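Visitor: One file: my_file16.cif (mmCIF, C-alpha atoms and all ligand atoms).
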```
data_coords
loop_
_atom_site.label_atom_id
_atom_site.label_comp_id
_atom_site.auth_asym_id
_atom_site.auth_seq_id
_atom_site.Cartn_x
_atom_site.Cartn_y
_atom_site.Cartn_z
CA LEU A 1 -46.96 141.35 28.17
CA ARG A 2 -48.81 143.54 25.75
CA SER A 3 -47.75 146.00 23.09
CA ILE A 4 -49.32 148.54 20.79
CA ASP A 5 -47.96 149.09 17.29
CA GLN A 6 -48.13 152.52 15.83
CA ILE A 7 -47.67 153.62 12.23
CA ILE A 8 -47.94 157.28 11.32
CA GLN A 9 -48.05 158.39 7.72
CA ILE A 10 -47.76 162.04 6.98
CA ASN A 11 -47.98 163.71 3.60
CA TYR A 12 -46.08 166.91 3.15
CA ARG A 13 -46.74 169.23 0.30
CA TYR A 14 -44.90 172.38 -0.66
CA SER A 15 -44.19 174.25 -3.87
CA ILE A 16 -41.26 176.08 -5.32
CA HIS A 17 -42.19 179.15 -7.35
CA PHE A 18 -39.93 180.94 -9.78
CA THR A 19 -40.36 184.67 -10.10
CA SER A 20 -38.58 187.99 -10.39
CA ARG A 21 -38.95 191.05 -8.15
CA LEU A 22 -41.14 189.31 -5.62
CA PHE A 23 -41.75 192.38 -3.47
CA GLN A 24 -42.79 194.78 -6.22
CA ASP A 25 -46.41 195.85 -5.89
CA GLU A 26 -47.50 194.34 -9.19
CA ASN A 27 -46.24 190.87 -8.24
CA PRO A 28 -49.14 188.86 -6.73
CA LEU A 29 -47.14 185.70 -5.92
CA LEU A 30 -46.71 186.25 -2.18
CA LEU A 31 -50.41 186.99 -1.75
CA ASP A 32 -51.27 183.91 -3.77
CA VAL A 33 -49.11 181.54 -1.76
CA LEU A 34 -50.42 182.89 1.54
CA HIS A 35 -53.95 182.04 0.30
CA CYS A 36 -55.01 185.46 1.53
CA ASP A 37 -58.32 185.20 -0.28
CA GLN A 38 -59.39 182.39 2.04
CA ALA A 39 -58.21 183.95 5.29
CA LEU A 40 -60.56 185.86 7.59
CA THR A 41 -57.80 187.84 9.24
CA PRO A 42 -54.44 188.97 7.81
CA MET A 43 -51.61 186.45 7.95
CA LYS A 44 -49.00 187.38 10.51
CA VAL A 45 -45.49 187.40 9.05
CA LEU A 46 -42.14 187.90 10.75
CA CYS A 47 -39.49 188.71 8.16
CA VAL A 48 -35.75 188.09 8.51
CA LEU A 49 -33.26 189.60 6.05
CA ASP A 50 -29.65 188.77 5.17
CA GLU A 51 -27.56 191.86 5.91
CA THR A 52 -25.24 191.50 2.91
CA LEU A 53 -28.24 191.03 0.64
CA LEU A 54 -29.67 194.24 2.05
CA TYR A 55 -26.40 196.02 1.36
CA HIS A 56 -26.75 195.08 -2.31
CA HIS A 57 -30.51 195.81 -2.38
CA PRO A 58 -30.83 198.83 -0.08
CA GLN A 59 -34.52 199.31 -0.93
CA LEU A 60 -35.45 195.77 0.03
CA SER A 61 -36.62 196.33 3.59
CA LYS A 62 -38.71 199.34 2.50
CA ASP A 63 -40.13 197.40 -0.47
CA ILE A 64 -41.25 194.57 1.81
CA GLN A 65 -42.85 196.98 4.27
CA LEU A 66 -44.66 198.85 1.48
CA TYR A 67 -45.80 195.61 -0.13
CA CYS A 68 -47.28 194.46 3.15
CA MET A 69 -48.80 197.86 3.89
CA HIS A 70 -50.50 197.95 0.49
CA ASN A 71 -51.86 194.50 1.17
CA SER A 72 -52.60 194.93 4.83
CA ALA A 73 -55.92 193.13 4.50
CA CYS A 74 -53.89 190.00 3.74
CA ILE A 75 -50.52 190.40 5.44
CA ASP A 76 -49.72 191.65 8.89
CA LEU A 77 -45.99 192.33 8.95
CA CYS A 78 -45.52 192.20 12.68
CA SER A 79 -42.32 194.27 12.81
CA THR A 80 -39.82 195.92 10.53
CA PRO A 81 -37.74 193.12 9.00
CA ILE A 82 -35.08 191.79 11.33
CA VAL A 83 -31.65 192.09 9.74
CA ILE A 84 -29.02 189.47 10.54
CA GLN A 85 -25.49 189.07 9.28
CA GLY A 86 -25.53 186.53 6.44
CA GLY A 87 -23.04 183.81 5.66
CA GLU A 88 -21.68 181.06 7.88
CA ALA A 89 -21.34 183.49 10.82
CA SER A 90 -25.11 183.28 11.27
CA LYS A 91 -24.85 179.51 11.76
CA ASN A 92 -21.79 179.66 14.00
CA ASP A 93 -23.07 181.98 16.72
CA PRO A 94 -25.99 180.58 18.76
CA LYS A 95 -27.12 184.08 19.72
CA TYR A 96 -28.96 184.52 16.42
CA VAL A 97 -31.19 181.49 16.98
CA THR A 98 -32.04 182.71 20.47
CA MET A 99 -32.72 186.19 19.16
CA LEU A 100 -35.18 184.87 16.58
CA GLN A 101 -36.91 182.53 19.00
CA GLU A 102 -37.33 185.52 21.28
CA ALA A 103 -38.81 187.56 18.41
CA ILE A 104 -41.22 184.70 17.59
CA HIS A 105 -42.28 184.79 21.24
CA GLN A 106 -42.44 188.58 21.46
CA TYR A 107 -44.50 189.11 18.29
CA GLY A 108 -46.84 186.24 19.04
CA ILE A 109 -45.97 184.18 15.97
CA CYS A 110 -48.09 181.04 16.29
CA ARG A 111 -48.19 177.82 14.30
CA HIS A 112 -50.53 179.49 11.84
CA SER A 113 -48.29 182.51 11.31
CA TYR A 114 -45.21 182.67 9.11
CA VAL A 115 -41.53 183.32 9.46
CA MET A 116 -40.19 184.54 6.11
CA ALA A 117 -36.44 184.22 5.61
CA VAL A 118 -34.84 186.14 2.75
CA GLY A 119 -31.17 185.44 2.14
CA GLY A 120 -28.38 183.00 1.38
CA GLY A 121 -28.30 179.32 2.32
CA ALA A 122 -26.61 179.92 5.65
CA LEU A 123 -29.17 182.44 6.86
CA LEU A 124 -32.03 180.21 5.64
CA ASP A 125 -30.59 177.22 7.51
CA MET A 126 -30.35 179.23 10.72
CA VAL A 127 -33.78 180.87 10.48
CA GLY A 128 -35.29 177.51 9.52
CA TYR A 129 -33.83 175.97 12.66
CA ALA A 130 -35.17 178.75 14.88
CA ALA A 131 -38.62 178.47 13.23
CA ALA A 132 -38.69 174.67 13.48
CA THR A 133 -37.90 174.68 17.19
CA ALA A 134 -40.25 177.46 18.31
CA HIS A 135 -43.69 176.05 19.24
CA ARG A 136 -42.34 172.75 17.82
CA GLY A 137 -42.40 174.36 14.41
CA VAL A 138 -43.93 177.49 12.93
CA ARG A 139 -44.50 177.91 9.20
CA LEU A 140 -41.52 178.94 7.12
CA ILE A 141 -41.40 180.81 3.83
CA ARG A 142 -37.96 180.58 2.23
CA VAL A 143 -36.82 183.23 -0.21
CA PRO A 144 -33.36 182.01 -1.24
CA THR A 145 -31.14 184.67 -2.77
CA THR A 146 -28.00 182.80 -3.87
CA VAL A 147 -27.50 180.25 -6.63
CA LEU A 148 -26.73 177.54 -4.09
CA SER A 149 -29.78 178.21 -1.98
CA GLN A 150 -32.09 178.43 -5.01
CA ASN A 151 -30.83 175.22 -6.60
CA ASP A 152 -30.02 173.13 -3.54
CA SER A 153 -30.17 174.12 0.12
CA GLY A 154 -33.33 176.23 0.02
CA VAL A 155 -35.53 173.75 -1.81
CA GLY A 156 -35.04 170.78 0.52
CA ILE A 157 -36.36 169.93 3.96
CA LYS A 158 -33.33 170.37 6.21
CA ASN A 159 -32.15 173.24 8.32
CA SER A 160 -29.35 173.53 10.83
CA VAL A 161 -26.71 175.48 12.68
CA ASN A 162 -23.12 174.58 13.50
CA ALA A 163 -22.10 173.63 17.06
CA PHE A 164 -19.11 172.21 18.91
CA GLY A 165 -16.94 172.93 15.88
CA LYS A 166 -19.11 170.63 13.78
CA LYS A 167 -20.97 171.67 10.71
CA ASN A 168 -24.78 171.29 10.89
CA PHE A 169 -24.56 169.57 14.28
CA LEU A 170 -27.93 170.94 15.43
CA GLY A 171 -30.84 170.78 13.07
CA THR A 172 -34.23 169.42 12.13
CA PHE A 173 -36.05 167.99 9.16
CA ALA A 174 -38.86 170.45 8.58
CA PRO A 175 -40.37 171.00 5.13
CA PRO A 176 -41.00 174.68 4.37
CA SER A 177 -44.49 176.01 3.61
CA VAL A 178 -43.29 177.38 0.33
CA VAL A 179 -40.08 178.38 -1.49
CA LEU A 180 -39.99 181.54 -3.60
CA ASN A 181 -36.99 181.73 -5.96
CA ASP A 182 -36.51 185.30 -7.15
CA ALA A 183 -34.04 185.47 -10.07
CA HIS A 184 -33.48 189.20 -9.71
CA PHE A 185 -31.58 188.74 -6.45
CA LEU A 186 -28.92 186.72 -8.27
CA THR A 187 -27.84 189.75 -10.29
CA THR A 188 -25.93 191.18 -7.32
CA LEU A 189 -24.08 188.03 -6.30
CA PRO A 190 -20.31 188.28 -6.31
CA MET A 191 -18.78 186.02 -8.98
CA ARG A 192 -17.49 183.76 -6.24
CA ASP A 193 -20.97 182.93 -4.97
CA TRP A 194 -22.43 182.74 -8.46
CA ARG A 195 -19.83 180.10 -9.31
CA SER A 196 -19.85 178.14 -6.11
CA GLY A 197 -23.57 177.43 -6.37
CA ILE A 198 -22.95 175.78 -9.73
CA ALA A 199 -20.90 173.09 -7.95
CA GLU A 200 -24.13 171.61 -6.55
CA ALA A 201 -25.55 171.47 -10.08
CA VAL A 202 -22.49 169.50 -11.22
CA LYS A 203 -23.08 167.19 -8.26
CA VAL A 204 -26.69 166.42 -8.99
CA ALA A 205 -25.95 166.03 -12.73
CA LEU A 206 -23.17 163.54 -11.98
CA LEU A 207 -25.45 161.54 -9.72
CA LYS A 208 -28.60 161.58 -11.75
CA ASP A 209 -28.62 163.14 -15.16
CA CYS A 210 -26.02 162.74 -17.90
CA LEU A 211 -27.89 165.08 -20.25
CA PHE A 212 -27.89 167.79 -17.62
CA PHE A 213 -24.12 167.32 -17.28
CA GLU A 214 -23.80 167.83 -21.05
CA PHE A 215 -25.92 170.95 -20.74
CA LEU A 216 -23.49 172.28 -18.13
CA GLU A 217 -20.51 171.46 -20.37
CA GLU A 218 -22.09 173.19 -23.36
CA ASN A 219 -23.11 176.23 -21.35
CA ALA A 220 -20.11 176.69 -19.05
CA ALA A 221 -18.90 179.78 -20.95
CA ARG A 222 -22.36 181.34 -20.91
CA LEU A 223 -22.63 180.67 -17.20
CA MET A 224 -19.31 182.42 -16.69
CA ASP A 225 -20.74 185.37 -18.66
CA ARG A 226 -23.61 185.36 -16.17
CA ASP A 227 -26.25 184.44 -18.69
CA MET A 228 -29.43 184.58 -16.65
CA GLN A 229 -31.44 182.39 -18.99
CA VAL A 230 -28.98 179.54 -18.69
CA MET A 231 -28.80 180.03 -14.93
CA SER A 232 -32.59 179.91 -14.64
CA LYS A 233 -32.66 176.61 -16.53
CA LEU A 234 -29.90 175.25 -14.31
CA ILE A 235 -31.73 176.21 -11.12
CA TYR A 236 -35.03 174.81 -12.35
CA ARG A 237 -33.52 171.44 -13.30
CA CYS A 238 -31.63 171.16 -10.01
CA ALA A 239 -34.74 171.96 -8.00
CA GLN A 240 -36.67 169.36 -9.99
CA LEU A 241 -34.04 166.65 -9.44
CA HIS A 242 -33.87 167.46 -5.74
CA LEU A 243 -37.58 167.32 -5.14
CA GLU A 244 -37.84 164.13 -7.14
CA HIS A 245 -35.12 162.61 -5.00
CA ILE A 246 -36.67 163.64 -1.68
CA ALA A 247 -40.09 162.39 -2.75
CA THR A 248 -39.03 159.07 -4.25
CA ASN A 249 -35.89 157.79 -2.56
CA GLY A 250 -37.87 156.33 0.32
CA ASP A 251 -35.89 158.02 3.08
CA PRO A 252 -36.69 161.73 3.13
CA PHE A 253 -35.68 162.14 6.78
CA GLU A 254 -32.47 160.19 6.26
CA SER A 255 -33.06 157.46 8.81
CA GLY A 256 -30.76 155.08 6.95
CA SER A 257 -26.99 155.30 6.79
CA SER A 258 -26.77 156.70 3.31
CA ARG A 259 -27.26 160.11 1.91
CA PRO A 260 -27.02 159.77 -1.85
CA LEU A 261 -27.20 163.52 -2.57
CA ASP A 262 -24.15 164.17 -0.43
CA PHE A 263 -21.66 163.11 -3.09
CA GLY A 264 -18.31 164.76 -2.32
CA HIS A 265 -19.65 166.13 0.96
CA TRP A 266 -17.63 164.14 3.50
CA ALA A 267 -14.53 166.02 2.36
CA ALA A 268 -16.43 169.24 1.64
CA HIS A 269 -17.75 169.59 5.18
CA LYS A 270 -14.34 168.86 6.65
CA LEU A 271 -12.69 171.35 4.29
CA GLU A 272 -15.12 174.08 5.28
CA GLN A 273 -14.24 173.46 8.91
CA LEU A 274 -10.47 173.23 8.28
CA SER A 275 -10.51 176.48 6.33
CA GLN A 276 -12.41 178.16 9.19
CA TYR A 277 -15.23 178.60 6.69
CA SER A 278 -13.14 180.77 4.41
CA LEU A 279 -14.07 178.30 1.67
CA ARG A 280 -17.66 178.64 0.53
CA HIS A 281 -19.80 175.50 0.78
CA GLY A 282 -19.97 175.25 -3.03
CA GLU A 283 -16.22 175.72 -3.43
CA ALA A 284 -15.61 172.94 -0.92
CA VAL A 285 -18.17 170.75 -2.71
CA ALA A 286 -16.33 171.17 -6.04
CA ILE A 287 -13.12 169.97 -4.39
CA GLY A 288 -14.93 167.14 -2.60
CA ILE A 289 -16.49 165.96 -5.86
CA ALA A 290 -13.17 166.16 -7.69
CA LEU A 291 -11.56 164.15 -4.88
CA ASP A 292 -14.15 161.37 -4.83
CA ALA A 293 -14.21 161.24 -8.63
CA THR A 294 -10.42 160.88 -8.64
CA TYR A 295 -10.69 158.16 -6.03
CA ALA A 296 -13.31 156.34 -8.11
CA TYR A 297 -11.05 156.63 -11.15
CA LEU A 298 -8.01 155.23 -9.27
CA MET A 299 -10.20 152.40 -7.91
CA ASP A 300 -11.17 151.52 -11.51
CA LEU A 301 -14.77 152.38 -10.82
CA LEU A 302 -14.93 155.44 -13.09
CA PRO A 303 -13.56 155.54 -16.68
CA ALA A 304 -10.63 157.93 -17.23
CA HIS A 305 -12.55 159.87 -19.87
CA ASP A 306 -15.41 160.65 -17.47
CA TRP A 307 -12.94 161.67 -14.77
CA GLN A 308 -11.25 164.08 -17.20
CA ARG A 309 -14.58 165.58 -18.23
CA ILE A 310 -15.39 166.34 -14.60
CA LEU A 311 -12.09 168.11 -13.94
CA GLN A 312 -12.41 170.00 -17.23
CA LEU A 313 -15.91 171.17 -16.40
CA PHE A 314 -14.76 172.53 -13.05
CA SER A 315 -11.92 174.37 -14.84
CA ALA A 316 -14.34 175.83 -17.36
CA LEU A 317 -16.49 177.03 -14.47
CA GLY A 318 -13.50 178.55 -12.69
CA LEU A 319 -13.89 176.20 -9.72
CA ALA A 320 -10.65 174.96 -8.11
CA VAL A 321 -10.30 171.22 -7.50
CA TYR A 322 -7.70 171.48 -4.76
CA ALA A 323 -7.12 173.46 -1.56
CA ASN A 324 -4.07 173.30 0.69
CA GLU A 325 -6.22 172.06 3.58
CA LEU A 326 -6.54 168.73 1.73
CA SER A 327 -2.90 168.00 2.53
CA ASN A 328 -3.01 168.95 6.25
CA TYR A 329 -1.52 166.22 8.47
CA LEU A 330 -1.67 163.64 5.69
CA SER A 331 1.32 161.89 7.26
CA SER A 332 -0.72 161.39 10.46
CA PRO A 333 -4.15 160.42 9.17
CA ASP A 334 -5.56 160.02 12.69
CA HIS A 335 -5.05 163.69 13.47
CA PRO A 336 -8.42 165.45 13.90
CA ASP A 337 -7.30 168.15 11.45
CA CYS A 338 -6.49 165.67 8.69
CA ILE A 339 -9.05 165.63 5.89
CA LEU A 340 -9.49 161.86 6.41
CA ALA A 341 -11.06 162.55 9.81
CA GLY A 342 -13.96 163.86 7.73
CA LEU A 343 -14.89 160.26 6.84
CA GLN A 344 -15.52 159.36 10.46
CA GLU A 345 -17.36 162.62 11.13
CA PHE A 346 -19.57 162.01 8.09
CA ARG A 347 -20.39 158.52 9.36
CA GLU A 348 -21.14 159.83 12.82
CA HIS A 349 -23.45 162.52 11.47
CA LEU A 350 -25.54 159.96 9.61
CA GLY A 351 -25.22 157.10 12.06
CA GLY A 352 -24.76 153.45 11.17
CA ARG A 353 -22.21 152.19 8.67
CA LEU A 354 -19.90 154.43 6.70
CA THR A 355 -21.72 154.95 3.40
CA ILE A 356 -20.08 157.06 0.73
CA PRO A 357 -21.69 157.76 -2.64
CA LEU A 358 -19.37 157.43 -5.64
CA ILE A 359 -20.01 157.64 -9.35
CA THR A 360 -19.32 154.89 -11.86
CA SER A 361 -20.10 157.00 -14.92
CA ILE A 362 -21.66 160.39 -15.52
CA GLY A 363 -25.23 160.09 -14.29
CA HIS A 364 -24.78 156.86 -12.32
CA SER A 365 -23.82 156.36 -8.71
CA ILE A 366 -23.12 153.56 -6.25
CA GLU A 367 -22.47 153.47 -2.54
CA VAL A 368 -19.39 152.04 -0.89
CA ASN A 369 -18.94 151.16 2.78
CA ALA A 370 -15.18 151.42 3.02
CA ILE A 371 -12.56 153.82 1.74
CA ASP A 372 -8.98 152.77 1.04
CA THR A 373 -7.10 155.61 2.71
CA ASN A 374 -3.91 154.99 0.71
CA VAL A 375 -5.80 155.41 -2.54
CA MET A 376 -7.54 158.48 -1.11
CA MET A 377 -4.14 159.98 -0.29
CA LYS A 378 -2.98 159.23 -3.85
CA SER A 379 -6.10 160.98 -5.11
CA ILE A 380 -5.21 164.07 -3.10
CA GLU A 381 -1.70 164.06 -4.56
CA LEU A 382 -3.03 163.66 -8.08
CA LEU A 383 -5.37 166.61 -7.61
CA ARG A 384 -2.55 168.70 -6.17
CA GLN A 385 -0.47 168.02 -9.28
CA TYR A 386 -3.41 168.70 -11.59
CA HIS A 387 -4.09 171.95 -9.79
CA THR A 388 -0.45 173.09 -9.96
CA ILE A 389 -0.20 172.40 -13.70
CA HIS A 390 -3.56 174.02 -14.34
CA GLU A 391 -2.79 177.12 -12.27
CA GLU A 392 0.52 177.52 -14.15
CA SER A 393 -1.20 177.26 -17.49
CA ILE A 394 -3.64 180.02 -16.44
CA SER A 395 -0.95 182.42 -15.20
N1 LIG B 1 -30.15 172.74 4.35
C1 LIG B 1 -29.53 172.06 3.41
O1 LIG B 1 -30.02 171.02 2.96
C2 LIG B 1 -28.24 172.58 2.86
C3 LIG B 1 -27.72 172.03 1.68
C4 LIG B 1 -26.54 172.58 1.14
C5 LIG B 1 -25.93 173.65 1.77
N2 LIG B 1 -26.47 174.15 2.92
C6 LIG B 1 -25.84 175.27 3.62
O2 LIG B 1 -25.96 176.46 2.83
C7 LIG B 1 -24.92 177.36 3.21
C8 LIG B 1 -24.29 177.97 1.99
O3 LIG B 1 -25.24 178.76 1.32
P1 LIG B 1 -24.80 179.85 0.24
O4 LIG B 1 -23.86 179.26 -0.73
O5 LIG B 1 -26.04 180.48 -0.21
O6 LIG B 1 -23.86 180.86 1.06
P2 LIG B 1 -24.16 182.01 2.11
O7 LIG B 1 -25.50 181.93 2.69
O8 LIG B 1 -22.98 182.00 3.01
O9 LIG B 1 -24.12 183.31 1.17
C9 LIG B 1 -22.92 183.77 0.61
C10 LIG B 1 -22.78 185.28 0.81
O10 LIG B 1 -23.66 185.96 -0.09
C11 LIG B 1 -24.42 186.94 0.62
N3 LIG B 1 -25.64 187.11 -0.19
C12 LIG B 1 -26.80 186.43 -0.12
N4 LIG B 1 -27.60 186.79 -1.14
C13 LIG B 1 -26.95 187.72 -1.86
C14 LIG B 1 -27.26 188.44 -3.06
N5 LIG B 1 -28.39 188.23 -3.73
N6 LIG B 1 -26.35 189.35 -3.51
C15 LIG B 1 -25.17 189.52 -2.87
N7 LIG B 1 -24.81 188.84 -1.77
C16 LIG B 1 -25.68 187.94 -1.26
C17 LIG B 1 -24.57 186.35 2.00
O11 LIG B 1 -24.82 187.33 2.96
C18 LIG B 1 -23.17 185.73 2.20
O12 LIG B 1 -22.27 186.70 2.61
C19 LIG B 1 -23.93 176.55 4.03
O13 LIG B 1 -24.08 176.87 5.40
C20 LIG B 1 -24.36 175.12 3.81
O14 LIG B 1 -24.06 174.27 4.87
C21 LIG B 1 -27.59 173.63 3.46
ZN ZN B 2 -24.10 170.79 -0.42
#
```
Rewrite the structure of this file - the entire thing - as structure tokens.

Guide:
Amino acid sequence: LRSIDQIIQINYRYSIHFTSRLFQDENPLLLDVLHCDQALTPMKVLCVLDETLLYHHPQLSKDIQLYCMHNSACIDLCSTPIVIQGGEASKNDPKYVTMLQEAIHQYGICRHSYVMAVGGGALLDMVGYAAATAHRGVRLIRVPTTVLSQNDSGVGIKNSVNAFGKKNFLGTFAPPSVVLNDAHFLTTLPMRDWRSGIAEAVKVALLKDCLFFEFLEENAARLMDRDMQVMSKLIYRCAQLHLEHIATNGDPFESGSSRPLDFGHWAAHKLEQLSQYSLRHGEAVAIGIALDATYAYLMDLLPAHDWQRILQLFSALGLAVYANELSNYLSSPDHPDCILAGLQEFREHLGGRLTIPLITSIGHSIEVNAIDTNVMMKSIELLRQYHTIHEESIS
């Protein structure tokens, strides 16, 4: 018997650029990142826009077309931008992926052309999936337009759509060619989306950076006043921590059983599903973090003071720490619509042993391989009480 061993090492490289008004004529960033100066023929680009974004920026499609027309020696915009409904709906209906794959086929987008997705995290996930599966992967430019997509989902290497009632069931690991974060887009975000993106910043601070957590505490009021300078710092630090994690944690394509950045996400993903996606991802993440922090506190893993600081920060940011869906079917924990079913679904999604990240202090995390469901239920009850008292004190 004979065998051949094979080891493949691949280096990926991509940059995240921070800018404002990307598609205004005087902004050279897009031309720079396409390396137009080195190309013999214009770069073919297929552009996809988030419909709600377009509603808030009615000139956007025209601006992109003009920008490309004025730079037609460099960019060949192969059609008027394709507009697709943003939000989770774009990940829930498979017709959008098919539609984009068809457009990639129709406009002759090859592996040296680009798909450019401009929109929120959901649209970017869906377009990224279509791009990664056409021709086994065409180049992707991400232009994230929400806080969450600029500080978290848009800067990483995953994309996906939902299927069979499961969040992110279909997807690929495919690093983008480049990410272009345009701060101007954030000015039109509804408060709800502005806030919910901050939940991912709290997450990464809790896992990795105590000083960043203090920064969030000190600047919570400014963030609620929509201070753009503070938000830009927040997004930059999150992006930095994310990239550092992907590059150095030794498992960028998540072959192991753990996913350290998904703190609070087993419950968050289940909550999104149970609420029929009426909860935003970030809102669900805030609740998921509060739940796992409460659990860690009740398990004597996290000091009471740290636990209080976390709940207080969420209050200061206007993020709820409880939703009614947490208490669905708690008396029959095996019911598929009980939040605890999220543990098993999380395990299944990653494969291998159940591995849940928890924090032991602000900035430090551990992983556990079992969850005491009685203590988890107590945590839910504690959060429900906290939420009731807090809501009363607001009203
Ligand atoms: N790929 C990953 O690694 C990863 C990580 C975290 C989250 N996600 C995914 O990201 C998605 C959530 O992303 P999100 O929070 O950006 O939500 P979203 O994409 O649903 O956007 C929220 C809403 O804002 C609209 N919108 C977008 N930009 C706007 C702007 N500038 N002004 C006004 N409205 C605008 C969208 O159309 C949508 O209606 C979820 O599907 C989640 O699963 C993916
Ligand atoms: Zn997330």

Visitor: Given a cut-off of 10 Å, what residues near ligand ZN 2 (chain B) show up using all atoms listed in the file, put as a list in words?

Guide: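 Those residues are Gly121, Leu148, Ser149, Asp152, Ser153, Gly197, Ala199, Glu200, Ala201, Lys203, Val204, Leu261, Asp262, Phe263, Gly264, His265, Ala268, His269, His281, Gly282, Glu283, Ala284, Val285 and Ala286 of chain A.
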
Visitor: Smallest atom-to-atom distance to Leu319 of chain A: which of A:Ser257, A:Lys233, A:Ile389, A:Met224, using only C-alpha atoms?

Guide: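 Of the candidates, the smallest distance to Leu319 of chain A is held by A:Met224.
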
Visitor: Find the distance between atom CA of Thr80 of chain A and atom CA of Val48 of chain A and write it in Å to one decimal.

Guide: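 About the pair atom CA of Thr80 of chain A and atom CA of Val48 of chain A: they are 9.1 Å apart.
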
Visitor: With only C-alpha atoms as the counted atoms, please give the residues lying no more than 9 Å from Leu326 of chain A, apart from itself and same-chain residues fewer than 2 positions off, as a list of chain:residue names.

Guide: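 Everything that qualifies: A:Ala267, A:Leu271, A:Leu274, A:Tyr322, A:Ala323, A:Asn324, A:Asn328, A:Tyr329, A:Leu330, A:Cys338, A:Ile339, A:Leu340, A:Ile380, A:Arg384.
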
Visitor: Quick one: distance from atom CA of Phe173 of chain A to atom C20 of ligand LIG 1 (chain B) in Å, one decimal?

Guide: 14.7 Å

Visitor: Got a sec to check which residues lie within 6 Å of ligand LIG 1 (chain B), using only C-alpha atoms and all ligand atoms, and send them as a ChimeraX atom specification?

Guide: /A:50,52-53,56,86-88,119-123,125,145-146,148-149,152-153,156,158-159,185-186,188-189,193,197,281

Visitor: How close does segment 309-389 of chain A get to segment 291-302 of chain A? List, as a Markdown table, each residue of segment 309-389 of chain A within 9 Å, its nearest atom pair and the distance in Å to one decimal, counting all atoms listed in the file.

Guide:
```
| residue | atom | partner | partner_atom | distance |
| --- | --- | --- | --- | --- |
| A:Ile310 | CA | A:Ala293 | CA | 7.9 |
| A:Leu311 | CA | A:Ala293 | CA | 8.9 |
| A:Val321 | CA | A:Leu291 | CA | 7.6 |
| A:Tyr322 | CA | A:Leu291 | CA | 8.3 |
| A:Pro357 | CA | A:Asp292 | CA | 8.6 |
| A:Leu358 | CA | A:Asp292 | CA | 6.6 |
| A:Ile359 | CA | A:Leu302 | CA | 6.7 |
| A:Thr360 | CA | A:Leu302 | CA | 4.6 |
| A:Ser361 | CA | A:Leu302 | CA | 5.7 |
| A:Ile362 | CA | A:Leu302 | CA | 8.7 |
| A:Val375 | CA | A:Tyr295 | CA | 6.6 |
| A:Met376 | CA | A:Tyr295 | CA | 5.9 |
| A:Met377 | CA | A:Tyr295 | CA | 8.9 |
| A:Lys378 | CA | A:Tyr295 | CA | 8.1 |
| A:Ser379 | CA | A:Tyr295 | CA | 5.5 |
| A:Ile380 | CA | A:Leu291 | CA | 6.6 |
| A:Leu382 | CA | A:Thr294 | CA | 7.9 |
| A:Leu383 | CA | A:Leu291 | CA | 7.2 |
```

Visitor: Using 8 Å of padding on each side, determine the axis-aligned box around all atoms of segment 78-82 of chain A present in the file and give its centre and edge lengths in Å to one decimal, as AutoDock Vina command-line options.

Guide:
```
--center_x -40.3 --center_y 193.9 --center_z 10.9 --size_x 26.4 --size_y 20.1 --size_z 19.8
```

Visitor: Could you check how far atom CA of His105 of chain A sits from atom CA of Met69 of chain A, in Å to one decimal?

Guide: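 If I compute the distance from atom CA of His105 of chain A to atom CA of Met69 of chain A, I get 22.7 Å.
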
Visitor: I need the residue nearest Met116 of chain A from this list: A:His70, A:His135, A:Leu49, A:Tyr96. Use all atoms listed in the file for the distance.

Guide: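 Closest to Met116 of chain A of all the choices is A:Leu49.
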
Visitor: Give as a PyMOL selection string every residue, naming chains and numbers as the document does, that has an atom within 12 Å of (-19.4, 161.5, 11.4), counting all atoms listed in the file.

Guide: chain A and resi 166-169+257-258+265-267+269-270+336+340-356

Visitor: Would you mind listing what lies within 12 Å of Ile235 of chain A as a PyMOL selection string, with all atoms listed in the file counted and same-chain residues fewer than 3 positions away left out?

Guide: chain A and resi 16-18+144-155+181-183+186+194+197-202+204-205+212+216+223+228-232+238-242

Visitor: From the set A:Thr388, A:Ser61, A:Ser278, A:Ser3, which residue has the shortest atom-to-atom contact distance to Ala89 of chain A, counting all atoms listed in the file?

Guide: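 The closest residue to Ala89 of chain A is A:Ser278.
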
Visitor: Need the shell around Leu30 of chain A: protein/DNA/RNA residues with any atom at most 10 Å away, counting only C-alpha atoms. Skip same-chain ones fewer than 2 positions apart. Format as a compact mmCIF listing (two decimals) with C-alpha atoms, in the coordinates of the input?

Guide:
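Just written: part_23.txt:
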```
# COMPACT_ATOMS: atom_id res chain seq x y z
CA HIS A 17 -42.19 179.15 -7.35
CA LEU A 22 -41.14 189.31 -5.62
CA PHE A 23 -41.75 192.38 -3.47
CA ASN A 27 -46.24 190.87 -8.24
CA PRO A 28 -49.14 188.86 -6.73
CA ASP A 32 -51.27 183.91 -3.77
CA VAL A 33 -49.11 181.54 -1.76
CA LEU A 34 -50.42 182.89 1.54
CA HIS A 35 -53.95 182.04 0.30
CA CYS A 36 -55.01 185.46 1.53
CA TYR A 67 -45.80 195.61 -0.13
CA CYS A 68 -47.28 194.46 3.15
CA ILE A 75 -50.52 190.40 5.44
CA ILE A 141 -41.40 180.81 3.83
CA VAL A 178 -43.29 177.38 0.33
CA LEU A 180 -39.99 181.54 -3.60
```

Visitor: Looking at only C-alpha atoms, which of A:Thr373, A:Thr187, A:Thr98, A:Gln273 is the one that sits closest to His57 of chain A?

Guide: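 Looking at the shortest contact to His57 of chain A, the residue is A:Thr187.
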